[in-house]
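File shown: input_33.txt (compact mmCIF, C-alpha atoms).
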# COMPACT_ATOMS: atom_id res chain seq x y z
CA MET A 73 -1.30 -3.61 24.04
CA SER A 74 1.43 -6.22 24.02
CA SER A 75 1.50 -8.60 21.10
CA SER A 76 2.92 -11.32 23.40
CA ARG A 77 -0.61 -11.84 24.77
CA PHE A 78 -1.76 -13.00 21.37
CA THR A 79 1.32 -14.95 20.29
CA PRO A 80 0.98 -18.67 21.07
CA ARG A 81 3.48 -20.26 23.45
CA GLY A 82 5.27 -23.50 22.71
CA PHE A 83 8.51 -25.43 22.48
CA PRO A 84 11.02 -25.46 19.60
CA ARG A 85 10.22 -28.27 17.21
CA VAL A 86 11.26 -29.59 13.84
CA PRO A 87 8.84 -31.21 11.37
CA LEU A 88 9.56 -34.95 11.20
CA GLN A 89 13.11 -34.59 12.62
CA ASN A 90 14.10 -32.67 9.47
CA GLY A 91 17.85 -32.21 9.15
CA ILE A 92 18.87 -35.17 11.33
CA GLY A 93 19.26 -37.43 8.33
CA ARG A 94 18.67 -35.40 5.22
CA TYR A 95 17.34 -31.85 4.95
CA ILE A 96 14.12 -31.33 3.01
CA CYS A 97 13.06 -27.77 2.20
CA GLN A 98 9.60 -27.28 3.73
CA LEU A 99 8.51 -24.60 1.23
CA LYS A 100 6.66 -26.39 -1.56
CA ARG A 101 5.15 -23.53 -3.57
CA VAL A 102 5.65 -19.78 -4.08
CA THR A 103 3.06 -17.78 -6.01
CA LEU A 104 4.16 -14.30 -7.08
CA ARG A 105 1.14 -12.05 -7.68
CA PHE A 106 1.81 -8.72 -9.42
CA CYS A 107 0.42 -6.10 -11.79
CA LYS A 108 2.12 -5.64 -15.17
CA SER A 109 1.61 -1.85 -15.18
CA SER A 110 1.39 -0.68 -11.55
CA GLY A 111 4.32 1.24 -10.05
CA SER A 112 4.04 -0.61 -6.72
CA SER A 113 4.85 -3.87 -8.56
CA ARG A 114 8.07 -2.55 -10.09
CA GLY A 115 10.35 -4.36 -7.59
CA ILE A 116 8.67 -7.71 -8.09
CA ARG A 117 8.79 -7.27 -11.89
CA ASP A 118 12.53 -6.47 -11.66
CA PHE A 119 13.01 -9.58 -9.52
CA ILE A 120 11.20 -11.70 -12.11
CA GLU A 121 13.33 -10.29 -14.95
CA THR A 122 16.72 -10.62 -13.23
CA ASP A 123 16.74 -13.09 -10.31
CA LEU A 124 13.79 -15.47 -10.67
CA ILE A 125 15.65 -18.05 -12.79
CA SER A 126 18.61 -18.19 -10.39
CA TYR A 127 16.20 -18.54 -7.42
CA ALA A 128 14.39 -21.41 -9.16
CA GLN A 129 17.72 -23.14 -9.92
CA GLU A 130 18.93 -22.78 -6.32
CA HIS A 131 15.66 -24.24 -4.96
CA PRO A 132 14.57 -27.03 -7.32
CA GLY A 133 12.15 -28.50 -4.75
CA THR A 134 10.05 -25.33 -4.67
CA ALA A 135 7.50 -24.66 -7.41
CA VAL A 136 7.34 -21.00 -8.50
CA TYR A 137 4.14 -19.65 -10.06
CA LEU A 138 3.65 -16.19 -11.61
CA LYS A 139 0.16 -14.74 -11.42
CA PRO A 140 -0.32 -11.35 -13.11
CA ARG A 141 -3.34 -9.49 -11.70
CA ARG A 142 -4.49 -6.22 -13.17
CA HIS A 143 -4.64 -3.21 -10.78
CA LYS A 144 -3.96 -5.27 -7.63
CA SER A 145 -1.29 -4.80 -4.98
CA PRO A 146 1.70 -7.15 -5.37
CA SER A 147 2.20 -10.02 -2.96
CA PHE A 148 3.61 -13.51 -2.74
CA VAL A 149 2.09 -16.59 -1.17
CA ALA A 150 4.33 -19.17 0.53
CA GLU A 151 2.81 -22.64 0.94
CA TYR A 152 4.53 -25.24 3.11
CA LEU A 153 4.47 -29.04 3.28
CA ASN A 154 2.54 -28.99 6.57
CA GLY A 155 -0.34 -27.09 4.91
CA GLU A 156 0.45 -23.65 6.33
CA ARG A 157 0.04 -20.71 3.98
CA GLU A 158 1.48 -17.23 4.39
CA VAL A 159 0.61 -14.18 2.29
CA ILE A 160 3.21 -11.39 2.24
CA SER A 161 2.49 -7.95 0.79
CA CYS A 162 5.24 -6.75 -1.58
CA HIS A 163 3.95 -3.19 -2.01
CA ASN A 164 6.84 -0.98 -3.26
CA PHE A 165 9.48 -3.68 -2.62
CA THR A 166 12.79 -3.54 -4.48
CA ALA A 167 14.26 -6.60 -6.19
CA GLN A 168 16.79 -6.95 -3.34
CA GLU A 169 14.01 -6.91 -0.74
CA MET A 170 12.19 -9.61 -2.71
CA ILE A 171 15.31 -11.80 -2.62
CA LYS A 172 15.69 -11.22 1.11
CA TRP A 173 12.06 -12.06 1.93
CA LEU A 174 11.97 -15.09 -0.38
CA ASN A 175 15.13 -16.47 1.22
CA LEU A 176 13.62 -15.94 4.67
CA TYR A 177 10.43 -17.81 3.81
CA THR A 178 12.39 -20.53 1.97
CA THR A 179 14.40 -21.37 5.09
CA ARG A 180 11.40 -21.40 7.44
CA SER A 181 9.68 -24.63 8.39
CA GLY A 182 6.11 -23.40 8.05
CA ILE A 183 5.43 -23.79 11.76
CA PRO A 184 3.65 -20.64 12.97
CA LEU A 185 5.72 -18.14 14.93
CA MET A 186 5.50 -18.59 18.69
CA ARG A 187 7.02 -17.47 21.95
CA TYR A 188 9.21 -20.19 23.41
CA ALA A 189 8.22 -21.46 26.84
CA LYS A 190 11.78 -22.78 27.22
CA MET A 191 14.72 -22.76 24.85
CA TRP A 192 15.03 -26.56 25.03
CA HIS A 193 12.58 -29.45 25.03
CA THR A 194 12.88 -33.21 25.14
CA ASP A 195 10.33 -35.93 24.48
CA CYS A 196 11.75 -38.08 27.31
CA PRO A 197 12.58 -35.76 30.22
CA SER A 198 15.01 -36.93 32.90
CA ILE A 199 13.76 -37.16 36.48
CA GLN A 200 17.33 -36.67 37.74
CA GLY A 201 17.57 -33.06 36.69
CA VAL A 202 19.71 -31.24 34.20
CA TRP A 203 23.34 -32.35 33.84
CA SER A 204 26.12 -29.81 34.20
CA PRO A 205 29.92 -30.19 34.17
CA PHE A 206 29.90 -29.84 37.97
CA THR A 207 27.33 -32.57 38.64
CA ASN A 208 29.74 -35.34 39.72
CA LYS A 209 32.59 -33.19 41.03
CA ASP A 210 33.91 -33.27 44.59
CA PRO A 211 32.27 -30.51 46.69
CA ALA A 212 35.67 -29.80 48.28
CA LEU A 213 36.53 -27.94 45.08
CA ASN A 214 34.17 -25.17 46.22
CA ILE A 215 36.51 -24.09 49.03
CA THR A 216 39.86 -24.84 47.34
CA GLN A 217 42.29 -21.95 47.04
CA PHE A 218 43.52 -21.57 43.48
CA PRO A 219 46.14 -22.04 42.08
CA SER A 220 46.38 -25.43 43.77
CA LYS A 221 49.51 -27.62 43.46
CA GLU A 222 47.46 -30.79 43.86
CA LEU A 223 44.98 -29.86 41.13
CA SER A 224 47.72 -28.61 38.82
CA LYS A 225 49.18 -32.10 38.46
CA PRO A 226 48.20 -34.15 35.41
CA VAL A 227 45.15 -36.32 36.00
CA TRP A 228 46.78 -39.38 34.47
CA GLU A 229 50.51 -39.77 34.52
CA GLU A 230 52.46 -42.76 33.17
CA LYS A 231 55.09 -44.34 35.41
CA SER A 232 58.62 -44.11 34.17
CA ALA A 233 60.64 -47.29 33.55
CA THR A 234 62.76 -46.54 36.62
CA GLU A 235 59.71 -46.26 38.87
CA GLU A 236 58.35 -49.56 37.54
CA LEU A 237 61.68 -51.33 38.19
CA LEU A 238 61.86 -49.94 41.74
CA GLU A 239 58.31 -51.11 42.37
CA MET A 240 59.12 -54.61 41.08
CA ILE A 241 62.24 -54.79 43.30
CA ASN A 242 60.24 -53.73 46.36
CA LYS A 243 57.62 -56.40 45.66
CA GLN A 244 60.37 -59.00 45.26
CA LYS A 245 61.98 -57.96 48.56
CA ILE A 246 58.64 -58.23 50.34
CA SER A 247 57.99 -61.68 48.85
CA ASP A 248 61.57 -62.82 49.79
CA GLU A 249 61.02 -61.63 53.37
CA ASN A 250 57.71 -63.51 53.50
CA ASP A 251 59.46 -66.67 52.23
CA ASP A 252 62.16 -66.31 54.91
CA ASP A 253 59.50 -65.85 57.60
CA THR A 254 57.60 -68.94 56.46
CA GLN A 255 60.85 -71.00 56.47
CA LYS A 256 61.62 -69.85 60.02
CA VAL A 257 58.11 -70.78 61.18
CA GLN A 258 58.37 -74.20 59.55
CA ALA A 259 61.80 -74.81 61.14
CA ALA A 260 60.47 -73.79 64.56
CA GLN A 261 57.56 -76.23 64.28
CA MET A 262 59.80 -79.20 63.52

Output the structure of this file as structure tokens.
Amino acid sequence: MSSSRFTPRGFPRVPLQNGIGRYICQLKRVTLRFCKSSGSSRGIRDFIETDLISYAQEHPGTAVYLKPRRHKSPSFVAEYLNGEREVISCHNFTAQEMIKWLNLYTTRSGIPLMRYAKMWHTDCPSIQGVWSPFTNKDPALNITQFPSKELSKPVWEEKSATEELLEMINKQKISDENDDDTQKVQAAQM
């Protein structure tokens, strides 16, 4: 049987736009449950002896509780700000595996795992469709043979001082010719 039948579908989401302004760790409490004498709790006991203080210093917003339980299998409970609670069995874990799993559950948001319906989602969808870099381009580019001399030119090119002077002279010549024509018309009318 496929597990995808039982995994809920949904869109990616972030609790309360977390990370847009300031990031708030969503893990509020970790409870480490272990046996003081059982061999299956050895990894979690090693973690407590060596790495627990550094973990607590790195994550000051997360409360860490130790709960020794006689003759019970070791586990840890991760509780999140949204009320979700996850219980993870730590049977025969090493201290390094404990660090790895605690870091994983520390960086999670507490939202249950789900299959994504789409990899993107917006609260205000556009009725115009999805934008792409080719949305407003000329369709003639589809049949252009590359490399093209016309498309290889710079899009915006400044005029040189010489070109500007020549343009000003041409405008002046045209305006002088128009003045001469108007004088001739006025002389002919008199």

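Closest to Cys162 in chain A among A:Ser112, A:Gln255, A:Thr134, A:Asn242 is A:Ser112, based on only C-alpha atoms.
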
- Item | Test item: residues at most 10 Å from range 191-206 of chain A, all atoms listed in the file, excluding those fewer than 2 positions along its chain, as a ChimeraX atom specification | /A:82-85,187-189,208-211,213

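One finds CA of Val149 in chain A at 14.6 Å from CA of Ser181 in chain A.
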
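Considering all atoms listed in the file, the residue among A:Val86, A:Leu223, A:Ala167, A:Leu138 positioned nearest to Thr122 in chain A is A:Ala167.
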
- Query: Which residues, protein or nucleic acid, reach to within 7 Å of (-1.0, -8.4, -5.6) in the file's coordinates when using only C-alpha atoms, and can you give that as a list in words?
  - Reply: Arg105, Phe106, Cys107, Arg141, Lys144, Ser145, Pro146 and Ser147 of chain A

Save the residues we just selected, C-alpha atoms, as a compact mmCIF listing (two decimals), keeping the file's coordinate frame?
# COMPACT_ATOMS: atom_id res chain seq x y z
CA ARG A 105 1.14 -12.05 -7.68
CA PHE A 106 1.81 -8.72 -9.42
CA CYS A 107 0.42 -6.10 -11.79
CA ARG A 141 -3.34 -9.49 -11.70
CA LYS A 144 -3.96 -5.27 -7.63
CA SER A 145 -1.29 -4.80 -4.98
CA PRO A 146 1.70 -7.15 -5.37
CA SER A 147 2.20 -10.02 -2.96

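Environment of (6.2, -26.2, 7.5): residues at most 9 Å away, judged by all atoms listed in the file, are A:Val86, A:Pro87, A:Cys97, A:Gln98, A:Leu99, A:Glu151, A:Tyr152, A:Leu153, A:Asn154, A:Gly155, A:Glu156, A:Arg157, A:Arg180, A:Ser181, A:Gly182, A:Ile183, A:Pro184.
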
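The gap separating CA of Tyr177 in chain A from CA of Gln89 in chain A is 19.1 Å, in Å to one decimal.
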
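Nearest to Ala128 in chain A of all the residues A:Gly91, A:Gly115, A:Thr178, A:Gln168 is A:Thr178, based on all atoms listed in the file.
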
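Comparing A:Gln129, A:Ala212, A:Ser113, A:Glu229 by their smallest distance to Met170 in chain A, the closest is A:Ser113 (using all atoms listed in the file).
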
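The two atoms in question, CA of Ala135 in chain A and CA of Asp118 in chain A, are spaced 19.3 Å apart.
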
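Excluding Tyr127 in chain A and any residue on its chain fewer than 6 positions from it, the residues at most 10 Å away by only C-alpha atoms are Phe119, Ile120, Thr134, Val136, Ile171, Leu174 and Asn175 of chain A.
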
Mind working out the centre and edge lengths of an axis-aligned box for range 100-106 of chain A, all listed atoms inside, 5 Å added to each side, rounded to one decimal in Å and written as AutoDock Vina command-line options?
--center_x 3.9 --center_y -17.6 --center_z -5.5 --size_x 15.5 --size_y 27.7 --size_z 17.9

- Message: With distances taken over all atoms listed in the file, which residue among A:Arg101, A:Pro140, A:Val159, A:Leu237 lies nearest Ile116 in chain A?
- Response: A:Pro140
